[in-house]
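Novice: Sharing query08.pdb (PDB, C-alpha atoms and all ligand atoms) below.
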MODEL        1
ATOM      1  CA  MET A   7     -24.347 -87.169 -34.804
ATOM      2  CA  THR A   8     -27.467 -87.682 -36.902
ATOM      3  CA  ARG A   9     -28.119 -84.517 -38.835
ATOM      4  CA  LEU A  10     -31.472 -83.085 -39.837
ATOM      5  CA  ASP A  11     -31.015 -82.373 -43.515
ATOM      6  CA  LEU A  12     -34.321 -81.084 -44.756
ATOM      7  CA  VAL A  13     -37.890 -80.520 -43.628
ATOM      8  CA  ILE A  14     -40.420 -81.453 -46.300
ATOM      9  CA  LEU A  15     -43.895 -79.976 -46.063
ATOM     10  CA  PHE A  16     -46.758 -81.564 -47.970
ATOM     11  CA  VAL A  17     -48.830 -78.914 -49.674
ATOM     12  CA  GLU A  18     -52.051 -78.706 -51.612
ATOM     13  CA  ASP A  19     -50.954 -76.048 -54.091
ATOM     14  CA  LEU A  20     -47.249 -76.074 -54.894
ATOM     15  CA  GLU A  21     -47.157 -72.672 -56.601
ATOM     16  CA  ARG A  22     -49.001 -70.989 -53.730
ATOM     17  CA  ALA A  23     -46.741 -72.522 -51.098
ATOM     18  CA  ALA A  24     -43.581 -71.753 -53.077
ATOM     19  CA  ARG A  25     -44.631 -68.123 -53.499
ATOM     20  CA  PHE A  26     -45.261 -67.828 -49.763
ATOM     21  CA  TYR A  27     -41.799 -69.083 -48.779
ATOM     22  CA  ARG A  28     -39.880 -67.561 -51.687
ATOM     23  CA  GLU A  29     -41.337 -64.092 -51.565
ATOM     24  CA  GLY A  30     -42.092 -64.073 -47.855
ATOM     25  CA  LEU A  31     -38.622 -65.137 -46.776
ATOM     26  CA  GLY A  32     -36.432 -64.538 -49.821
ATOM     27  CA  TRP A  33     -35.547 -68.221 -50.055
ATOM     28  CA  ARG A  34     -34.501 -69.452 -53.468
ATOM     29  CA  ALA A  35     -35.309 -72.738 -55.153
ATOM     30  CA  ARG A  36     -32.414 -75.151 -55.396
ATOM     31  CA  VAL A  37     -34.507 -77.984 -56.858
ATOM     32  CA  GLU A  38     -37.525 -77.376 -59.079
ATOM     33  CA  ALA A  39     -39.474 -80.414 -60.207
ATOM     34  CA  PRO A  40     -43.091 -80.567 -61.372
ATOM     35  CA  ARG A  41     -44.392 -81.740 -57.980
ATOM     36  CA  TYR A  42     -41.536 -80.742 -55.660
ATOM     37  CA  ILE A  43     -39.646 -77.530 -54.932
ATOM     38  CA  GLU A  44     -36.713 -77.414 -52.567
ATOM     39  CA  LEU A  45     -35.698 -74.082 -51.095
ATOM     40  CA  ASP A  46     -32.258 -73.063 -49.900
ATOM     41  CA  GLY A  47     -33.698 -72.311 -46.446
ATOM     42  CA  GLY A  48     -33.725 -76.071 -45.835
ATOM     43  CA  VAL A  49     -37.396 -76.632 -46.604
ATOM     44  CA  GLY A  50     -38.837 -78.763 -49.383
ATOM     45  CA  LEU A  51     -42.417 -78.396 -50.601
ATOM     46  CA  MET A  52     -44.124 -81.448 -52.059
ATOM     47  CA  VAL A  53     -47.525 -81.871 -53.604
ATOM     48  CA  ARG A  54     -49.270 -84.226 -51.201
ATOM     49  CA  GLU A  55     -50.293 -86.696 -53.891
ATOM     50  CA  ALA A  56     -46.640 -87.085 -54.911
ATOM     51  CA  ALA A  57     -46.043 -88.833 -51.580
ATOM     52  CA  ALA A  58     -48.072 -91.780 -52.861
ATOM     53  CA  ALA A  59     -44.896 -93.166 -54.418
ATOM     54  CA  PHE A  60     -43.371 -93.859 -50.976
ATOM     55  CA  ALA A  61     -46.162 -93.339 -48.428
ATOM     56  CA  GLY A  62     -48.819 -95.248 -50.333
ATOM     57  CA  PRO A  63     -51.887 -93.893 -52.146
ATOM     58  CA  GLU A  64     -54.155 -94.033 -49.116
ATOM     59  CA  ARG A  65     -52.006 -91.799 -46.897
ATOM     60  CA  ALA A  66     -51.276 -89.438 -49.759
ATOM     61  CA  ALA A  67     -54.968 -89.011 -50.496
ATOM     62  CA  ARG A  68     -55.775 -87.792 -46.978
ATOM     63  CA  PRO A  69     -55.724 -83.985 -46.805
ATOM     64  CA  PHE A  70     -54.046 -82.277 -43.868
ATOM     65  CA  PRO A  71     -56.886 -80.955 -41.670
ATOM     66  CA  GLN A  72     -56.574 -77.185 -41.436
ATOM     67  CA  GLY A  73     -55.913 -75.987 -37.913
ATOM     68  CA  THR A  74     -54.330 -79.241 -36.747
ATOM     69  CA  LEU A  75     -50.976 -78.725 -35.089
ATOM     70  CA  ARG A  76     -48.406 -81.191 -36.335
ATOM     71  CA  ALA A  77     -45.106 -79.371 -36.531
ATOM     72  CA  GLU A  78     -43.744 -75.886 -36.659
ATOM     73  CA  LEU A  79     -40.938 -74.207 -38.592
ATOM     74  CA  TYR A  80     -38.937 -72.088 -36.157
ATOM     75  CA  LEU A  81     -37.110 -69.371 -38.082
ATOM     76  CA  ALA A  82     -34.456 -67.125 -36.564
ATOM     77  CA  VAL A  83     -34.268 -63.599 -37.988
ATOM     78  CA  LYS A  84     -32.779 -60.279 -36.939
ATOM     79  CA  GLU A  85     -36.046 -58.324 -37.106
ATOM     80  CA  ALA A  86     -39.231 -60.352 -36.979
ATOM     81  CA  GLY A  87     -41.780 -57.561 -37.629
ATOM     82  CA  PRO A  88     -41.067 -56.987 -41.337
ATOM     83  CA  VAL A  89     -40.769 -60.743 -41.983
ATOM     84  CA  LEU A  90     -44.140 -61.410 -40.384
ATOM     85  CA  ALA A  91     -45.686 -58.573 -42.407
ATOM     86  CA  ARG A  92     -44.258 -60.009 -45.631
ATOM     87  CA  LEU A  93     -45.495 -63.503 -44.813
ATOM     88  CA  GLU A  94     -48.956 -62.158 -44.088
ATOM     89  CA  ALA A  95     -48.910 -60.236 -47.358
ATOM     90  CA  MET A  96     -48.071 -63.525 -49.109
ATOM     91  CA  GLY A  97     -51.128 -65.270 -47.684
ATOM     92  CA  GLY A  98     -49.963 -66.196 -44.193
ATOM     93  CA  VAL A  99     -52.556 -65.989 -41.441
ATOM     94  CA  SER A 100     -51.473 -64.364 -38.193
ATOM     95  CA  VAL A 101     -51.800 -66.824 -35.323
ATOM     96  CA  SER A 102     -50.073 -64.944 -32.515
ATOM     97  CA  PRO A 103     -48.487 -61.477 -32.678
ATOM     98  CA  LEU A 104     -44.843 -60.725 -32.004
ATOM     99  CA  ALA A 105     -44.211 -61.015 -28.267
ATOM    100  CA  LEU A 106     -41.507 -61.894 -25.790
ATOM    101  CA  ARG A 107     -41.881 -65.578 -24.955
ATOM    102  CA  PRO A 108     -40.937 -67.294 -21.700
ATOM    103  CA  TRP A 109     -37.880 -68.957 -23.304
ATOM    104  CA  GLY A 110     -36.335 -65.557 -24.025
ATOM    105  CA  ASP A 111     -37.045 -65.180 -27.754
ATOM    106  CA  THR A 112     -39.389 -62.609 -29.261
ATOM    107  CA  VAL A 113     -41.634 -64.578 -31.581
ATOM    108  CA  GLY A 114     -44.638 -64.066 -33.839
ATOM    109  CA  TYR A 115     -46.560 -66.942 -35.433
ATOM    110  CA  VAL A 116     -48.268 -67.239 -38.798
ATOM    111  CA  ALA A 117     -49.891 -70.179 -40.507
ATOM    112  CA  ASP A 118     -48.712 -70.796 -44.061
ATOM    113  CA  PRO A 119     -51.316 -71.306 -46.837
ATOM    114  CA  ASP A 120     -51.487 -75.027 -45.957
ATOM    115  CA  GLY A 121     -51.855 -74.384 -42.242
ATOM    116  CA  HIS A 122     -48.310 -75.225 -41.131
ATOM    117  CA  LEU A 123     -47.243 -73.059 -38.239
ATOM    118  CA  VAL A 124     -44.291 -70.762 -38.933
ATOM    119  CA  ALA A 125     -42.609 -69.102 -35.952
ATOM    120  CA  VAL A 126     -40.520 -66.032 -36.752
ATOM    121  CA  ALA A 127     -38.143 -65.480 -33.866
ATOM    122  CA  GLU A 128     -35.652 -62.892 -32.771
ATOM    123  CA  ARG A 129     -33.317 -64.965 -30.683
ATOM    124  CA  GLY A 130     -33.112 -63.218 -27.368
ATOM    125  CA  ALA A 131     -31.590 -63.805 -24.032
ATOM    126  CA  VAL A 132     -30.442 -67.310 -24.777
ATOM    127  CA  LYS A 133     -26.766 -66.875 -25.612
ATOM    128  CA  VAL A 134     -24.712 -69.578 -27.223
ATOM    129  CA  ARG A 135     -22.470 -71.316 -24.690
ATOM    130  CA  PRO A 136     -19.022 -72.795 -25.294
ATOM    131  CA  GLU A 137     -20.417 -76.260 -24.582
ATOM    132  CA  ASP A 138     -22.805 -75.849 -27.534
ATOM    133  CA  LEU A 139     -19.822 -75.842 -29.902
ATOM    134  CA  GLU A 140     -18.057 -78.743 -31.500
ATOM    135  CA  PRO A 141     -14.481 -79.246 -32.623
ATOM    136  CA  VAL A 142     -13.786 -79.069 -36.337
ATOM    137  CA  ALA A 143     -11.033 -81.272 -37.710
ATOM    138  CA  PRO A 144      -8.540 -79.904 -40.247
ATOM    139  CA  GLY A 145      -9.925 -80.383 -43.741
ATOM    140  CA  ASP A 146     -13.607 -80.528 -42.700
ATOM    141  CA  PRO A 147     -15.430 -79.640 -45.950
ATOM    142  CA  ARG A 148     -18.099 -77.705 -44.032
ATOM    143  CA  ALA A 149     -15.444 -75.302 -42.777
ATOM    144  CA  ALA A 150     -14.061 -74.861 -46.275
ATOM    145  CA  ALA A 151     -17.570 -74.115 -47.557
ATOM    146  CA  LEU A 152     -18.196 -71.489 -44.874
ATOM    147  CA  LEU A 153     -14.834 -69.799 -45.484
ATOM    148  CA  GLN A 154     -15.416 -69.834 -49.211
ATOM    149  CA  ALA A 155     -18.845 -68.258 -48.751
ATOM    150  CA  ARG A 156     -17.587 -65.597 -46.316
ATOM    151  CA  TRP A 157     -14.216 -64.690 -47.797
ATOM    152  CA  GLY A 158     -14.355 -66.076 -51.349
ATOM    153  CA  LYS A 159     -11.351 -68.282 -50.570
ATOM    154  CA  THR A 160      -9.954 -70.418 -47.767
ATOM    155  CA  GLU A 161      -6.434 -69.044 -47.904
ATOM    156  CA  ILE A 162      -5.680 -66.129 -45.602
ATOM    157  CA  VAL A 163      -2.602 -63.988 -45.969
ATOM    158  CA  LEU A 164      -1.443 -62.355 -42.765
ATOM    159  CA  ASP A 165       1.888 -61.083 -41.542
ATOM    160  CA  GLY A 166       3.405 -62.028 -44.903
ATOM    161  CA  ARG A 167       2.295 -65.684 -44.516
ATOM    162  CA  ARG A 168      -0.179 -67.660 -46.567
ATOM    163  CA  VAL A 169      -2.323 -69.870 -44.353
ATOM    164  CA  ASP A 170      -4.998 -72.261 -45.612
ATOM    165  CA  ALA A 171      -7.609 -71.830 -42.889
ATOM    166  CA  ALA A 172      -9.547 -74.879 -44.148
ATOM    167  CA  ALA A 173      -6.573 -77.063 -43.232
ATOM    168  CA  LEU A 174      -6.550 -75.868 -39.606
ATOM    169  CA  PRO A 175      -8.369 -77.152 -36.535
ATOM    170  CA  GLY A 176     -11.179 -75.099 -35.130
ATOM    171  CA  PHE A 177     -14.501 -74.998 -33.381
ATOM    172  CA  ALA A 178     -17.947 -74.465 -34.819
ATOM    173  CA  LEU A 179     -21.547 -73.912 -33.914
ATOM    174  CA  VAL A 180     -23.650 -76.338 -35.946
ATOM    175  CA  GLU A 181     -27.372 -75.708 -36.261
ATOM    176  CA  ALA A 182     -29.751 -77.699 -38.452
ATOM    177  CA  GLY A 183     -26.726 -79.385 -39.967
ATOM    178  CA  ALA A 184     -25.057 -76.157 -41.065
ATOM    179  CA  LEU A 185     -22.157 -74.194 -39.578
ATOM    180  CA  VAL A 186     -23.317 -70.837 -38.276
ATOM    181  CA  GLY A 187     -20.065 -69.941 -36.546
ATOM    182  CA  LEU A 188     -16.471 -70.981 -37.069
ATOM    183  CA  VAL A 189     -13.114 -70.169 -35.576
ATOM    184  CA  THR A 190      -9.879 -71.599 -36.954
ATOM    185  CA  TYR A 191      -6.533 -71.363 -35.198
ATOM    186  CA  GLN A 192      -2.889 -72.253 -35.569
ATOM    187  CA  ASP A 193      -0.652 -73.272 -32.669
ATOM    188  CA  HIS A 194       2.830 -71.740 -32.656
ATOM    189  CA  ASP A 195       5.521 -72.431 -30.050
ATOM    190  CA  ASP A 196       4.692 -69.336 -28.053
ATOM    191  CA  VAL A 197       1.100 -68.560 -28.859
ATOM    192  CA  ARG A 198      -2.178 -69.854 -30.285
ATOM    193  CA  GLU A 199      -3.163 -67.632 -33.184
ATOM    194  CA  VAL A 200      -6.729 -67.153 -34.397
ATOM    195  CA  ILE A 201      -6.734 -67.220 -38.197
ATOM    196  CA  THR A 202     -10.429 -66.749 -38.937
ATOM    197  CA  LEU A 203     -13.481 -65.994 -36.822
ATOM    198  CA  ASP A 204     -16.963 -65.851 -38.271
ATOM    199  CA  ALA A 205     -20.362 -65.627 -36.644
ATOM    200  CA  LEU A 206     -23.081 -65.827 -39.286
ATOM    201  CA  ASP A 207     -25.712 -64.726 -36.851
ATOM    202  CA  ALA A 208     -24.364 -61.680 -35.019
ATOM    203  CA  GLY A 209     -25.146 -60.819 -31.422
ATOM    204  CA  ARG A 210     -26.002 -64.297 -30.120
ATOM    205  CA  GLY A 211     -22.738 -64.750 -28.256
ATOM    206  CA  ILE A 212     -21.356 -67.028 -30.968
ATOM    207  CA  GLY A 213     -18.116 -65.042 -31.306
ATOM    208  CA  ARG A 214     -17.552 -64.947 -27.556
ATOM    209  CA  ALA A 215     -18.232 -68.687 -27.201
ATOM    210  CA  LEU A 216     -15.883 -69.536 -30.094
ATOM    211  CA  MET A 217     -13.097 -67.470 -28.523
ATOM    212  CA  ALA A 218     -13.704 -69.148 -25.152
ATOM    213  CA  LYS A 219     -13.145 -72.551 -26.792
ATOM    214  CA  VAL A 220      -9.878 -71.382 -28.340
ATOM    215  CA  GLU A 221      -8.780 -70.006 -24.975
ATOM    216  CA  ALA A 222      -9.733 -73.126 -23.025
ATOM    217  CA  ALA A 223      -6.379 -74.777 -23.775
ATOM    218  CA  GLY A 224      -4.852 -72.194 -21.427
ATOM    219  CA  ARG A 225      -2.360 -70.940 -24.017
ATOM    220  CA  PRO A 226      -1.811 -67.247 -24.769
ATOM    221  CA  VAL A 227      -4.085 -66.282 -27.648
ATOM    222  CA  ARG A 228      -3.354 -63.774 -30.388
ATOM    223  CA  VAL A 229      -5.762 -62.384 -32.944
ATOM    224  CA  VAL A 230      -5.060 -60.236 -35.971
ATOM    225  CA  THR A 231      -7.507 -57.998 -37.744
ATOM    226  CA  THR A 232      -7.249 -55.299 -40.350
ATOM    227  CA  ASN A 233      -7.416 -51.573 -39.651
ATOM    228  CA  ASP A 234     -10.791 -51.148 -41.348
ATOM    229  CA  ASN A 235     -12.498 -53.831 -39.282
ATOM    230  CA  LEU A 236     -13.717 -51.585 -36.496
ATOM    231  CA  PRO A 237     -16.531 -53.990 -35.496
ATOM    232  CA  ALA A 238     -13.982 -56.773 -34.910
ATOM    233  CA  LEU A 239     -11.731 -54.382 -32.963
ATOM    234  CA  GLY A 240     -14.668 -53.516 -30.745
ATOM    235  CA  PHE A 241     -15.660 -57.149 -30.324
ATOM    236  CA  TYR A 242     -12.169 -58.343 -29.422
ATOM    237  CA  GLN A 243     -11.726 -55.611 -26.815
ATOM    238  CA  ARG A 244     -15.124 -56.420 -25.404
ATOM    239  CA  VAL A 245     -14.156 -60.069 -24.907
ATOM    240  CA  GLY A 246     -10.914 -59.231 -23.156
ATOM    241  CA  TYR A 247      -8.230 -58.478 -25.748
ATOM    242  CA  ARG A 248      -6.040 -55.420 -26.169
ATOM    243  CA  VAL A 249      -3.950 -54.122 -29.016
ATOM    244  CA  VAL A 250      -0.307 -55.122 -28.580
ATOM    245  CA  ALA A 251       1.033 -54.115 -31.983
ATOM    246  CA  VAL A 252       0.113 -52.455 -35.248
ATOM    247  CA  ARG A 253       1.854 -53.835 -38.318
ATOM    248  CA  VAL A 254       1.883 -50.742 -40.491
ATOM    249  CA  GLY A 255       1.545 -51.565 -44.203
ATOM    250  CA  ALA A 256       1.194 -55.313 -43.578
ATOM    251  CA  VAL A 257      -1.903 -55.636 -45.767
ATOM    252  CA  ASP A 258      -0.225 -53.721 -48.582
ATOM    253  CA  ARG A 259       2.582 -56.303 -48.403
ATOM    254  CA  SER A 260       0.065 -59.193 -48.282
ATOM    255  CA  ARG A 261      -1.620 -57.801 -51.374
ATOM    256  CA  ALA A 262       1.599 -58.283 -53.267
ATOM    257  CA  LEU A 263       1.225 -62.011 -52.454
ATOM    258  CA  ASP A 264      -2.513 -62.171 -53.089
ATOM    259  CA  ARG A 265      -4.076 -59.700 -55.508
ATOM    260  CA  ARG A 266      -7.564 -60.790 -54.402
ATOM    261  CA  ILE A 267      -7.245 -58.901 -51.092
ATOM    262  CA  PRO A 268      -9.562 -55.905 -51.488
ATOM    263  CA  THR A 269      -8.143 -52.397 -51.228
ATOM    264  CA  HIS A 270     -11.115 -51.031 -49.297
ATOM    265  CA  GLY A 271     -13.187 -52.579 -46.532
ATOM    266  CA  HIS A 272     -15.663 -51.628 -43.815
ATOM    267  CA  GLY A 273     -17.103 -48.145 -44.313
ATOM    268  CA  GLY A 274     -15.021 -47.692 -47.465
ATOM    269  CA  LEU A 275     -11.823 -47.425 -45.420
ATOM    270  CA  PRO A 276      -8.574 -48.340 -47.167
ATOM    271  CA  ILE A 277      -7.180 -51.625 -45.832
ATOM    272  CA  THR A 278      -3.510 -51.159 -45.119
ATOM    273  CA  ASP A 279      -2.466 -52.342 -41.648
ATOM    274  CA  GLU A 280      -2.869 -55.275 -39.296
ATOM    275  CA  TRP A 281      -3.835 -54.819 -35.671
ATOM    276  CA  VAL A 282      -2.512 -57.497 -33.352
ATOM    277  CA  LEU A 283      -4.412 -58.135 -30.134
ATOM    278  CA  GLU A 284      -3.724 -60.453 -27.237
ATOM    279  CA  ARG A 285      -5.755 -61.525 -24.306
ATOM    280  CA  VAL A 286      -5.357 -59.277 -21.312
ATOM    281  CA  GLY A 287      -3.847 -60.918 -18.253
ATOM    282  CA  VAL A 288      -2.425 -63.919 -20.108
ATOM    283  CA  GLN A 289       1.352 -64.168 -20.488
TER     284      GLN A 289
HETATM  285  C1  LIG B   1     -16.744 -60.139 -35.022
HETATM  286  C2  LIG B   1     -17.765 -61.250 -34.847
HETATM  287  C3  LIG B   1     -17.072 -62.601 -34.891
HETATM  288  C4  LIG B   1     -18.506 -61.068 -33.502
HETATM  289  O1  LIG B   1     -19.330 -62.184 -33.280
HETATM  290  P1  LIG B   1     -20.741 -62.112 -32.485
HETATM  291  O2  LIG B   1     -21.198 -63.510 -32.329
HETATM  292  O3  LIG B   1     -21.640 -61.156 -33.166
HETATM  293  O4  LIG B   1     -20.323 -61.497 -31.102
HETATM  294  P2  LIG B   1     -20.945 -61.855 -29.667
HETATM  295  O5  LIG B   1     -22.429 -61.893 -29.770
HETATM  296  O6  LIG B   1     -20.264 -63.067 -29.138
HETATM  297  O7  LIG B   1     -20.505 -60.596 -28.853
HETATM  298  C5  LIG B   1     -19.709 -60.685 -27.686
HETATM  299  C6  LIG B   1     -19.688 -59.335 -27.038
HETATM  300  O8  LIG B   1     -19.005 -58.389 -27.882
HETATM  301  C7  LIG B   1     -19.821 -57.238 -28.037
HETATM  302  N1  LIG B   1     -19.568 -56.669 -29.351
HETATM  303  C8  LIG B   1     -19.773 -57.239 -30.543
HETATM  304  N2  LIG B   1     -19.399 -56.375 -31.525
HETATM  305  C9  LIG B   1     -18.947 -55.252 -30.903
HETATM  306  C10 LIG B   1     -18.442 -54.006 -31.343
HETATM  307  N3  LIG B   1     -18.307 -53.738 -32.636
HETATM  308  N4  LIG B   1     -18.082 -53.096 -30.416
HETATM  309  C11 LIG B   1     -18.199 -53.342 -29.096
HETATM  310  N5  LIG B   1     -18.688 -54.521 -28.594
HETATM  311  C12 LIG B   1     -19.054 -55.444 -29.505
HETATM  312  C13 LIG B   1     -21.231 -57.744 -27.901
HETATM  313  O9  LIG B   1     -22.121 -56.708 -27.548
HETATM  314  C14 LIG B   1     -21.095 -58.770 -26.808
HETATM  315  O10 LIG B   1     -21.070 -58.140 -25.564
HETATM  316  P3  LIG B   1     -21.744 -58.859 -24.265
HETATM  317  O11 LIG B   1     -21.317 -60.304 -24.313
HETATM  318  O12 LIG B   1     -21.167 -58.126 -23.140
HETATM  319  O13 LIG B   1     -23.200 -58.697 -24.486
HETATM  320  C15 LIG B   1     -18.861 -61.209 -35.975
HETATM  321  O14 LIG B   1     -19.444 -59.949 -36.003
HETATM  322  C16 LIG B   1     -18.346 -61.547 -37.366
HETATM  323  O15 LIG B   1     -18.416 -62.683 -37.818
HETATM  324  N6  LIG B   1     -17.826 -60.528 -38.098
HETATM  325  C17 LIG B   1     -17.392 -60.719 -39.487
HETATM  326  C18 LIG B   1     -16.096 -61.475 -39.571
HETATM  327  C19 LIG B   1     -14.964 -60.791 -38.853
HETATM  328  O16 LIG B   1     -14.769 -59.593 -38.969
HETATM  329  N7  LIG B   1     -14.189 -61.578 -38.120
HETATM  330  C20 LIG B   1     -13.090 -61.118 -37.331
HETATM  331  C21 LIG B   1     -11.978 -60.710 -38.180
HETATM  332  S1  LIG B   1     -10.573 -61.699 -37.925
ENDMDL
END
Spit out the file's structure as C-alpha cells when you get a sec.

Specialist:
Amino acid sequence: MTRLDLVILFVEDLERAARFYREGLGWRARVEAPRYIELDGGVGLMVREAAAAFAGPERAARPFPQGTLRAELYLAVKEAGPVLARLEAMGGVSVSPLALRPWGDTVGYVADPDGHLVAVAERGAVKVRPEDLEPVAPGDPRAAALLQARWGKTEIVLDGRRVDAAALPGFALVEAGALVGLVTYQDHDDVREVITLDALDAGRGIGRALMAKVEAAGRPVRVVTTNDNLPALGFYQRVGYRVVAVRVGAVDRSRALDRRIPTHGHGGLPITDEWVLERVGVQ
C-alpha cells in the first residue's frame, strides 16, 4: 500500500510556525535546516520560497491567501481542551470550539499562524474494527521498532522461555504509515499464545480488535501477563478471558535469565508472578 510519509506545510515565518507546533503540541524537531524543520509528529515546515527549487520560482512566490481552505491536519489526542488552549496561546486562532461532531469525534479547530486548519480531536464512538488491521510478517522492522520503543527490547521472557517477539507473526493497526497497535503470537500444538499486545492509543478498541484477529483462526488462545499489570488483567477479562493459572515466582525465575526485567511495575508493585488467561468457552 502507498504510505503517506510526511505532510509538508509551506510557511511564511519558519521560527513562528516551528514554535507553534513544537510548544503547542510538544513535537520535537528531527531535521533542522535553515529553511526547513521536520517535526517528529510527521509534519515538515518549509519556508515557501524554498519550494522554488522544485516547484519553480513563480509558484513559490505566491503567498497562501489567509482564510483559504486547502487542507487540514487532523490530530488525535486524549484530551483536546488543554491542547487547543496551548495552541491558541502559541498564536493559533480559534476557528470552531470543541464540540461533538456528526462522525463521532469531539473536535475543536484552530488556524495555525499561516492559516492552515488544525483539528484537535478526541476520537469518539468510532471504534477500530478487526478489518481495519493488517497482518504483520515475522521480522517486519516496524514491529521491531514498536517493541523496542515500548519494552526497550524485542525479546520477551515468559514461563522460563526467551521469545523474540519481532520474529513472530502478528497483526497491526497502521495509521499514517506508523503502527499504533500490535499483537504478536506464537502457535503451539495445543494453543495459540499471545506474546505481546500493545495499543498506543488506549480506549479506541485497538486491543479488542487485535485480540479478535488472533482469535479468528478458531484456535484456543492463551495470554500471559504479570501480576502488577492490573490494567491488562481488567482488559483481558473484559474481552472474554479468565485466569486459568498463576505461575508463582515465574518472573523472578525469568529475571535470572534476563536482568533487564524490572523488579517493580504498575503502581510500584513488585513483579513476581505470571497470570495465565484463556478465552472463556473455547476448549
Ligand atoms: C491492555 C491494552 C492492550 C488495552 O488496549 P485498548 O485498545 O486500550 O483496549 P480496548 O479499547 O480495545 O478495550 C476493550 C475493552 O476493554 C475495556 N478495558 C480496557 N482496560 C480495562 C481495564 N483495565 N479494566 C476493565 N476493562 C478494561 C475497555 O473499556 C473496553 O470495553 P468495551 O469494549 O466494552 O468498551 C493497552 O492498554 C496497552 O497497550 N497496555 C500496555 C501494554 C500491555 O500491558 N499489554 C498487555 C500485557 S501482555

Novice: Give me the chain A side of the contact with ligand LIG 1 (chain B), cut-off 8 Å, one line per residue showing its nearest atom pair and distance in Å at one decimal, counting all atoms listed in the file, sorted by chain and residue number, as CSV.

Specialist:
residue,atom,partner,partner_atom,distance
A:Lys133,CA,B:LIG1,O5,7.8
A:Gly187,CA,B:LIG1,O15,7.6
A:Val200,CA,B:LIG1,S1,7.5
A:Ile201,CA,B:LIG1,S1,6.7
A:Thr202,CA,B:LIG1,S1,5.2
A:Leu203,CA,B:LIG1,N7,4.7
A:Asp204,CA,B:LIG1,O15,3.5
A:Ala205,CA,B:LIG1,O15,3.7
A:Leu206,CA,B:LIG1,O15,5.8
A:Asp207,CA,B:LIG1,O2,6.5
A:Ala208,CA,B:LIG1,O3,3.3
A:Gly209,CA,B:LIG1,O5,3.4
A:Arg210,CA,B:LIG1,O5,4.3
A:Gly211,CA,B:LIG1,O6,3.1
A:Ile212,CA,B:LIG1,O2,3.8
A:Gly213,CA,B:LIG1,O2,3.6
A:Arg214,CA,B:LIG1,O6,3.7
A:Ala215,CA,B:LIG1,O6,6.3
A:Leu216,CA,B:LIG1,O6,7.9
A:Val229,CA,B:LIG1,S1,7.0
A:Val230,CA,B:LIG1,S1,6.0
A:Thr231,CA,B:LIG1,S1,4.8
A:Thr232,CA,B:LIG1,C21,7.5
A:Asn235,CA,B:LIG1,O16,6.2
A:Leu236,CA,B:LIG1,N3,6.4
A:Pro237,CA,B:LIG1,N3,3.4
A:Ala238,CA,B:LIG1,C1,4.4
A:Leu239,CA,B:LIG1,N3,6.6
A:Gly240,CA,B:LIG1,N4,3.5
A:Phe241,CA,B:LIG1,C9,3.8
A:Tyr242,CA,B:LIG1,O8,7.0
A:Gln243,CA,B:LIG1,C11,7.2
A:Arg244,CA,B:LIG1,O8,5.0
A:Val245,CA,B:LIG1,O8,5.9

Novice: Can you tell me how far CA of Val99 in chain A sits from CA of Pro119 in chain A, in Å to one decimal?

Specialist: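 Answer for the CA of Val99 in chain A to CA of Pro119 in chain A separation: 7.7 Å.
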
Novice: Looking at A:Leu31, A:Leu15, A:Glu44, A:Arg261, which one is nearest to Arg167 in chain A, with distances taken over only C-alpha atoms?

Specialist: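 So, comparing all the options, the nearest one is A:Arg261.
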
Novice: I'd like the contact shell of Val53 in chain A - 7 Å cut-off, all atoms listed in the file, skipping same-chain residues fewer than 2 positions apart - returned as a PDB file with C-alpha atoms, in the frame of the given file.

Specialist:
ATOM      1  CA  PHE A  16     -46.758 -81.564 -47.970  1.00  0.00           C
ATOM      2  CA  VAL A  17     -48.830 -78.914 -49.674  1.00  0.00           C
ATOM      3  CA  GLU A  18     -52.051 -78.706 -51.612  1.00  0.00           C
ATOM      4  CA  ASP A  19     -50.954 -76.048 -54.091  1.00  0.00           C
ATOM      5  CA  LEU A  20     -47.249 -76.074 -54.894  1.00  0.00           C
ATOM      6  CA  ARG A  41     -44.392 -81.740 -57.980  1.00  0.00           C
ATOM      7  CA  TYR A  42     -41.536 -80.742 -55.660  1.00  0.00           C
ATOM      8  CA  LEU A  51     -42.417 -78.396 -50.601  1.00  0.00           C
ATOM      9  CA  GLU A  55     -50.293 -86.696 -53.891  1.00  0.00           C
ATOM     10  CA  ALA A  56     -46.640 -87.085 -54.911  1.00  0.00           C
TER      11      ALA A  56
END

Novice: Report as JSON, numbers by chain the full result of the PyMOL selection byres (((chain A and resi 102) around 6) and not hetatm) when it is applied to this structure.

Specialist: {"A": [100, 101, 103, 114, 115]}

Novice: Could you add the missing atoms to range 76-83 of chain A, up to N, CA and C atoms, and return them as an mmCIF file, in the coordinates of the input?

Specialist:
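Produced file out22.cif, reproduced below:
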data_model
loop_
_atom_site.group_PDB
_atom_site.id
_atom_site.type_symbol
_atom_site.label_atom_id
_atom_site.label_comp_id
_atom_site.auth_asym_id
_atom_site.auth_seq_id
_atom_site.Cartn_x
_atom_site.Cartn_y
_atom_site.Cartn_z
ATOM 1 N N ARG A 76 -49.236 -80.004 -36.132
ATOM 2 C CA ARG A 76 -48.406 -81.191 -36.335
ATOM 3 C C ARG A 76 -46.942 -80.861 -36.075
ATOM 4 N N ALA A 77 -46.508 -79.758 -36.626
ATOM 5 C CA ALA A 77 -45.106 -79.371 -36.531
ATOM 6 C C ALA A 77 -45.035 -77.878 -36.770
ATOM 7 N N GLU A 78 -43.888 -77.327 -36.480
ATOM 8 C CA GLU A 78 -43.744 -75.886 -36.659
ATOM 9 C C GLU A 78 -42.354 -75.607 -37.219
ATOM 10 N N LEU A 79 -42.256 -74.648 -38.119
ATOM 11 C CA LEU A 79 -40.938 -74.207 -38.592
ATOM 12 C C LEU A 79 -40.531 -73.042 -37.695
ATOM 13 N N TYR A 80 -39.379 -73.149 -37.066
ATOM 14 C CA TYR A 80 -38.937 -72.088 -36.157
ATOM 15 C C TYR A 80 -37.794 -71.354 -36.853
ATOM 16 N N LEU A 81 -38.079 -70.132 -37.300
ATOM 17 C CA LEU A 81 -37.110 -69.371 -38.082
ATOM 18 C C LEU A 81 -36.457 -68.307 -37.207
ATOM 19 N N ALA A 82 -35.153 -68.167 -37.316
ATOM 20 C CA ALA A 82 -34.456 -67.125 -36.564
ATOM 21 C C ALA A 82 -34.128 -65.976 -37.514
ATOM 22 N N VAL A 83 -34.536 -64.776 -37.155
ATOM 23 C CA VAL A 83 -34.268 -63.599 -37.988
ATOM 24 C C VAL A 83 -33.785 -62.460 -37.085
#
